[in-house]
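Report on the structure given below.
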Amino acid sequence: MAAVSATPPTAPASRASASDRREALLDVAAAIVVSDGASAVSMETVAEQAGVSRPLVYKHFANREELLTAVYRREASLLHREMAADVEAADSLEQMFRTLLRGAIRASVERGPIFASLRAEGGWNRDLRKQQHERDRRTVRFFAARAVQEYGIPEHQARSAVAILLSASEPVMAQWRRTPTPEKAAEVEAVYMALVVGGLKQLAAATSD
């Protein structure tokens, strides 16, 4: 049997240090996007503002596109975790839908320009789309389970209903973006929730007959 080399004791610390450096570079890149837009992000600019050499930036990111993609992925993951925590804290399915819509509107106000800038500069790609689709599937499953529990809707119908109602939030958001005011937000929320609650109750009644 061949001997197995032991991992050097310093390896974990080295990996953590490399991870910290990568995160620090992403912090700098994200700050540039916020202040000047994604078009201002370059390997040279990040290196300069981070106070490191350009080769160190290339050690963590192969090119500018990979760097922007990493910023997008991190910001999207952070937003997803925040919104998921809020939704999970809701005490009913109705409140879950309401919380998700409010979170989407808040995110559009606070982070919409950042994501739009990153998309325009190539920070959005096929892998990120797949990642978002998987998040969407998990969201449907989570909401559908609650629909089964609260409304007694069969699971396969609950998934279809939830998927349709969640996708309906996109045109609702489009309506709000035309007049992005608190008053318009309240208006579209009221309309959306009437559709959500009415639709679920009607489906529950139909399936109980």
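Labels for the structure tokens follow display order: chains A, B, ..., residues from 1 in each chain, ligands from 1.
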Practice prompt. Please identify all polymer residues within 6 Å of range 132-146 of chain A, counting only C-alpha atoms, omitting same-chain residues fewer than 6 positions from it, and present them as an MDAnalysis selection string.
Written response: chainID A and resid 158:159 162:163
Item to complete: Write down as JSON, numbers by chain the residues belonging to range 11-131 of chain A that are assigned alpha helix (DSSP H) by DSSP computed on the backbone.
Response: {"A": [11, 12, 13, 14, 15, 16, 17, 18, 19, 20, 21, 22, 23, 24, 25, 26, 27, 28, 29, 30, 31, 32, 33, 34, 35, 36, 43, 44, 45, 46, 47, 48, 49, 50, 54, 55, 56, 57, 58, 59, 60, 64, 65, 66, 67, 68, 69, 70, 71, 72, 73, 74, 75, 76, 77, 78, 79, 80, 81, 82, 83, 84, 85, 86, 87, 88, 93, 94, 95, 96, 97, 98, 99, 100, 101, 102, 103, 104, 105, 106, 107, 108, 109, 110, 111, 112, 113, 114, 115, 116, 117, 118, 119, 120, 126, 127, 128, 129, 130, 131]}
Worksheet item: Near Ser77 in chain A, counting only C-alpha atoms, which residues have an atom at most 12 Å away, once you skip same-chain residues fewer than 5 positions from it, shown as a list of chain:residue names?
Response: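 These residues fall inside the cut-off: A:Ala70, A:Val71, A:Tyr72, A:Glu82, A:Met83, A:Ala84, A:Leu128, A:Gln131, A:Gln132, A:Arg135.
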Nearby residues (only C-alpha atoms) at most 12 Å from Asp27 in chain A, same-chain spacing under 5 positions excluded, as a PDB file with C-alpha atoms, in the first residue's frame:
ATOM      1  CA  ASP A  20     -10.687  35.969   2.799  1.00  0.00           C
ATOM      2  CA  ARG A  21      -8.608  37.623   0.095  1.00  0.00           C
ATOM      3  CA  ARG A  22     -11.116  36.588  -2.554  1.00  0.00           C
ATOM      4  CA  ILE A  32     -17.081  50.049  -7.493  1.00  0.00           C
ATOM      5  CA  VAL A  33     -20.333  48.807  -9.039  1.00  0.00           C
ATOM      6  CA  VAL A  34     -22.336  50.728  -6.445  1.00  0.00           C
ATOM      7  CA  VAL A  41     -14.768  47.501 -12.872  1.00  0.00           C
ATOM      8  CA  VAL A  46      -9.829  46.383  -8.328  1.00  0.00           C
ATOM      9  CA  ALA A  47      -6.158  45.717  -7.679  1.00  0.00           C
ATOM     10  CA  GLN A  49      -8.355  50.013  -4.817  1.00  0.00           C
ATOM     11  CA  ALA A  50      -7.689  46.797  -2.896  1.00  0.00           C
ATOM     12  CA  LEU A  67     -15.007  38.678 -11.560  1.00  0.00           C
ATOM     13  CA  LEU A  68     -18.315  40.350 -12.454  1.00  0.00           C
ATOM     14  CA  ALA A  70     -18.709  36.266  -8.992  1.00  0.00           C
ATOM     15  CA  VAL A  71     -19.999  39.621  -7.753  1.00  0.00           C
ATOM     16  CA  TYR A  72     -23.422  38.912  -9.251  1.00  0.00           C
ATOM     17  CA  ARG A  74     -22.602  36.647  -4.296  1.00  0.00           C
ATOM     18  CA  GLU A  75     -25.103  39.527  -4.343  1.00  0.00           C
TER      19      GLU A  75
END
Fill in: d(CA of Leu25 in chain A, CA of Glu121 in chain A) in Å
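Going from CA of Leu25 in chain A over to CA of Glu121 in chain A covers 17.9 Å.
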Discussion item. As an exercise, work out the distance from CA of Glu189 in chain A to CA of Ile105 in chain A in Å and give it to one decimal place.
Written reply: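 So the answer is 10.0 Å.
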Item to complete: Please indicate the distance in Å from CA of Leu100 in chain A to CA of Arg73 in chain A, rounded to one decimal place.
Response: 19.9 Å
Worksheet item: Nearest to Glu110 in chain A: which of A:Ala205, A:Glu155, A:Leu200, A:Leu79 is it, counting only C-alpha atoms?
Response: A:Leu79
